[in-house]
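Trainee: Have a look at the structure that comes next, please.
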There are 2 protein chains.
Amino acid sequence: MKTNLQPAGTPDLERYLRERASIVEHALAENVADSDGPAGRLFQAMRYSLLAGGKRLRPVLALAACEAVGGSPDVAIGFACAIEMIHTYSLIHDDLPCMDDDDLRRGRPTNHKVYGEAIATLAGDGLLTDAFAVLARSALGPKARVPSQVALETIAELAEAAGSAGMVGGQVIDLLGEGRAMELRELEYLHRKKTGALFIAAVCGGARIGGADHSQLEVLREYAEALGLAFQVVDDLLDVEESVEKMGKRTHKDEARGKATYPSLLGVDRSWELARELSHRALDALAGFGDRADPLRMLATFSVERKL
Amino acid sequence: MKTNLQPAGTPDLERYLRERASIVEHALAENVADSDGPAGRLFQAMRYSLLAGGKRLRPVLALAACEAVGGSPDVAIGFACAIEMIHTYSLIHDDLPCMDDDDLRRGRPTNHKVYGEAIATLAGDGLLTDAFAVLARSALGPKARVPSQVALETIAELAEAAGSAGMVGGQVIDLLGEGRAMELRELEYLHRKKTGALFIAAVCGGARIGGADHSQLEVLREYAEALGLAFQVVDDLLDVEESVEKMGKRTHKDEARGKATYPSLLGVDRSWELARELSHRALDALAGFGDRADPLRMLATFSVERKL
């Protein structure tokens with residue numbers, strides 16, 4: 001796979017995010033091929049959601065974490081793709097009529113609106129399964145630069161973060177909790193599983209592939225945990241404050257469904273305050289890292305200052 | 001994981017299958033824990049389908065293939081569990097209303113009939129994702145006996161067999177082909193993907209973990225390919241010939257849906273003949289193996305002689 005990754009230079013966040021997102025976008029397009037064979041519609045559906053733009057925050061975090069510990073970010077491209085494929089599958093399945101029943105995602109009709117429920121379910125299944133093939137293959141073959149043992153540990157952690165003990169479990173808690181009063185503690189538990197686990201897997205996996213030692217992984221886990229929660233608090237706030245046009249997905253939907261959110265439990269002002277505190281906590285965790293962690297620092301700032 | 005696997009002894013097929021299936025059953029119950037936490041319903045749903053009995057043919061094939069090349073079958077238990085978890089997820093998703101819309105499986109209501117569509121979808125997602133964690137973890141840690149490189153190759157092949165290029169792609173072709181005339185060549189292509197790929201992954205993965213060399217893997221691939229097709233031809237025949245009560249799932253459904261099947265294209269007699277030819281082809285592939293391949297030989301016979 002040809003990539004052209006320069007070490008992170010000036011802290012120009014927007015340019016950095018755009019460049020890295022574009023590298024991820026190209027690698028994703030290579031990894032999920034177009035096909036006009038008998039199952040062509042499946043590949044179209046997978047690519048429809050996978051190549052729909054989006055912030056690419058999780059894969060960009062993975063590359064930045066790899067770089068923060070002195071790794072070359074292009075070694076982590078396969079892992080970054082796997083993370084985004086898993087994130088995309090989770091969006092497709094969450095949008096299904098039997099789940100959140102959403103019509104709009106990233107400014108376009110959701111997958112099942114275009115391809116029907118059966119193909120959308122299978123597109124999600126395909127992306128999830130293929131993610132593990134992409135990740136395992138990236139550590140195999142004569143040109144592989146990730147030690148097998150490291151790749152295996154990364155696969156185990158990613159599967160645990162995405163599976164029943166992590167993201168899938170979080171989605172169940174979210175579904176069962178709809179319309180029910182929830183305490184702040186429960187809400188945090190939900191988000192740790194539903195979004196936090198994959199953030200941690202992205203950061204720690206990228207760092208592991210970059211050669212992180214045990215103590216670096218510990219610190220980066222703290223960073224990712226705080227960042228993931230900050231991101232979720234801001235997601236809840238944007239759902240309250242922004243319009244459908246701007247967000248490219250249905251807004252005010254948490255309220256309509258009687259879902260507990262940070263603003264509903266803490267109020268808007270206190271929620272913004274919490275998001276900033278979490279972002280600072282993420283920055284503090286990086287105190288022992290040098291300039292190479294600047295992209296991670298920028299991303300901690302971005303998680304709170306973003307407008308979509 | 002404690003297991004008590006004896007080398008295959010007398011060719012007493014029924015006892016062998018029952019013993020091995022029971023070992024797999026115990027390992028599955030250990031790997032997918034019960035939980036009364038907030039996501040408890042997810043784990044119940046996963047276990048409802050995973051521990052519902054069934055022939056356990058794919059994991060038993062994996063253990064038998066490991067043994068055929070001189071490996072100790074208990075080394076392949078993690079892999080065998082992963083195969084069965086992936087098979088089970090595919091049944092749960094295939095039964096969903098948006099797919100085959102089936103009410104009965106293994107003599108019990110299907111997962112979504114008991115837990116609802118949302119939880120059933122997520123139970124499938126959880127089993128699929130957790131399968132890769134179970135497989136990767138089985139090759140990690142101080143007690144692991146599978147080399148990392150071998151485990152990685154097994155993961156890559158399993159994900160490719162189960163993903164868009166394999167099983168998921170096959171299910172799409174099956175769905176899109178319903179009610180449409182299909183030639184024998186197309187039907188075979190469909191089954192190579194929908195069921196064949198996972199049979200090959202089960203046999204070759206088990207053998208790889210058992211220490212198979214390249215030429216052994218080639219031959220075992222031929223065995224698994226013939227066995228997988230034989231199994232499918234017999235599945236089609238049993239759907240025509242047997243009752244719901246006996247099969248524990250809806251029968252005559254292929255006909256009702258206008259699905260192409262072997263009996264519909266070849267007639268019942270020629271289909272039985274084809275199944276026996278395929279079973280012999282599988283047996284012939286094993287000619288170079290000694291007694292250690294007897295379980296694989298028994299399974300080739302079983303694939304045609306079974307009554308459910």
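Letters for chains follow the order of the structure tokens (A, B, ...), residue numbers begin at 1 for each chain, and ligand numbers begin at 1 in the order shown.
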Could you give me, as a Markdown table, a per-residue list for region 159-219 of chain B showing, wherever an atom lies at most 12 Å from an atom of region 98-119 of chain A, the closest pair of atoms and their distance in Å to one decimal, using only C-alpha atoms and sorting by chain then residue number from low to high?
Mentor:
```
| residue | atom | partner | partner_atom | distance |
| --- | --- | --- | --- | --- |
| B:Ser164 | CA | A:Ile119 | CA | 11.5 |
| B:Val168 | CA | A:Ile119 | CA | 9.8 |
| B:Gly169 | CA | A:Ile119 | CA | 10.1 |
| B:Gly170 | CA | A:Ile119 | CA | 11.9 |
| B:Gln171 | CA | A:Ile119 | CA | 9.4 |
| B:Val172 | CA | A:Ile119 | CA | 7.0 |
| B:Ile173 | CA | A:Ile119 | CA | 10.4 |
| B:Asp174 | CA | A:Ile119 | CA | 11.4 |
| B:Leu175 | CA | A:Ala118 | CA | 8.4 |
| B:Leu176 | CA | A:Ile119 | CA | 9.6 |
```
Trainee: Quick one: everything within 10 Å of Gln216 (chain B), counting only C-alpha atoms, minus sequence neighbours fewer than 3 positions away in the same chain. Send it as a list in words.
Mentor: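 The residues satisfying every condition are Ala68, Val69, Cys204, Ala207, Arg208, Gly211, Ala212, Asp213, Val219, Leu220, Arg221, Leu286, Gly288 and Phe289 of chain B.
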Trainee: Would you mind writing down, as a ChimeraX atom specification, each residue of region 28-113 of chain A that DSSP on the backbone assigns to strand (DSSP E)?
Mentor: /A:104-105,108-109
Trainee: Can you list, as a list in words, every protein, DNA or RNA residue that comes within 6 Å of region 139-153 of chain A when you count only C-alpha atoms, leaving out same-chain residues fewer than 3 positions away?
Mentor: Ala136 and Ala156 of chain A; Ala136, Ser148 and Gln149 of chain B
Trainee: Take the residues that were just selected and, keeping C-alpha atoms, output them as a short mmCIF file (atom, residue, chain, number, x, y, z; two decimals), in the first residue's frame.
Mentor:
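This is the output file part.cif:
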```
data_model
loop_
_atom_site.label_atom_id
_atom_site.label_comp_id
_atom_site.auth_asym_id
_atom_site.auth_seq_id
_atom_site.Cartn_x
_atom_site.Cartn_y
_atom_site.Cartn_z
CA ALA A 136 -4.40 -9.56 10.31
CA ALA A 156 -7.72 -9.31 20.80
CA ALA B 136 -6.62 -14.26 19.28
CA SER B 148 1.62 -16.09 16.77
CA GLN B 149 2.27 -16.22 13.05
#
```
Trainee: To test your reading of the structure, identify every residue in region 13-217 of chain A that backbone DSSP assigns to alpha helix (DSSP H), and report it as a PyMOL selection string.
Mentor: chain A and resi 13-31+40-50+57-68+77-95+111-137+148-162+167-177+184-191+197-209+214-217
Trainee: Compile the contact shell of Gly163 (chain B) as a ChimeraX atom specification: residues with an atom at most 8 Å away, counting only C-alpha atoms, same-chain residues fewer than 2 positions apart removed.
Mentor: /A:125-127,129-130 /B:159-161,165-169
Trainee: In terms of the shortest atom-to-atom distance over only C-alpha atoms, which of A:Ala65, A:Ala285, A:Leu227, A:Ala80 is closest to Ile23 (chain A)?
Mentor: A:Ala80
Trainee: What's the separation between CA of Pro295 (chain B) and CA of Ala64 (chain B), in Å to one decimal place?
Mentor: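 We find that CA of Pro295 (chain B) and CA of Ala64 (chain B) lie 5.8 Å from each other.
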Trainee: Quote the spacing between CA of Arg41 (chain B) and CA of Ala123 (chain B) in Å to one decimal place.
Mentor: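 Separating CA of Arg41 (chain B) from CA of Ala123 (chain B) is a distance of 9.2 Å.
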Trainee: At a cut-off of 9 Å, using only C-alpha atoms, what residues contact Ala224 (chain A)? Leave out same-chain residues fewer than 4 positions from it and give the result as an MDAnalysis selection string.
Mentor: chainID A and resid 196:197 199:204 219:220 228:229 282 300
Trainee: Tell me which of B:Thr121, B:Ser49, B:Ser72, B:Gln44 sits closest to chain A, counting only C-alpha atoms.
Mentor: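 Counting only C-alpha atoms, the residue closest to chain A is B:Thr121.
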Trainee: For the atom pair CA of Thr261 (chain B) and CA of Phe302 (chain B), what is the interatomic distance in Å to one decimal place?
Mentor: 20.7 Å
Trainee: Using only C-alpha atoms for the distances, tell me which of B:Phe231, B:Thr195, B:Glu178, B:Ser138 is nearest to Lys253 (chain B).
Mentor: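 Closest to Lys253 (chain B) of all the choices is B:Glu178.
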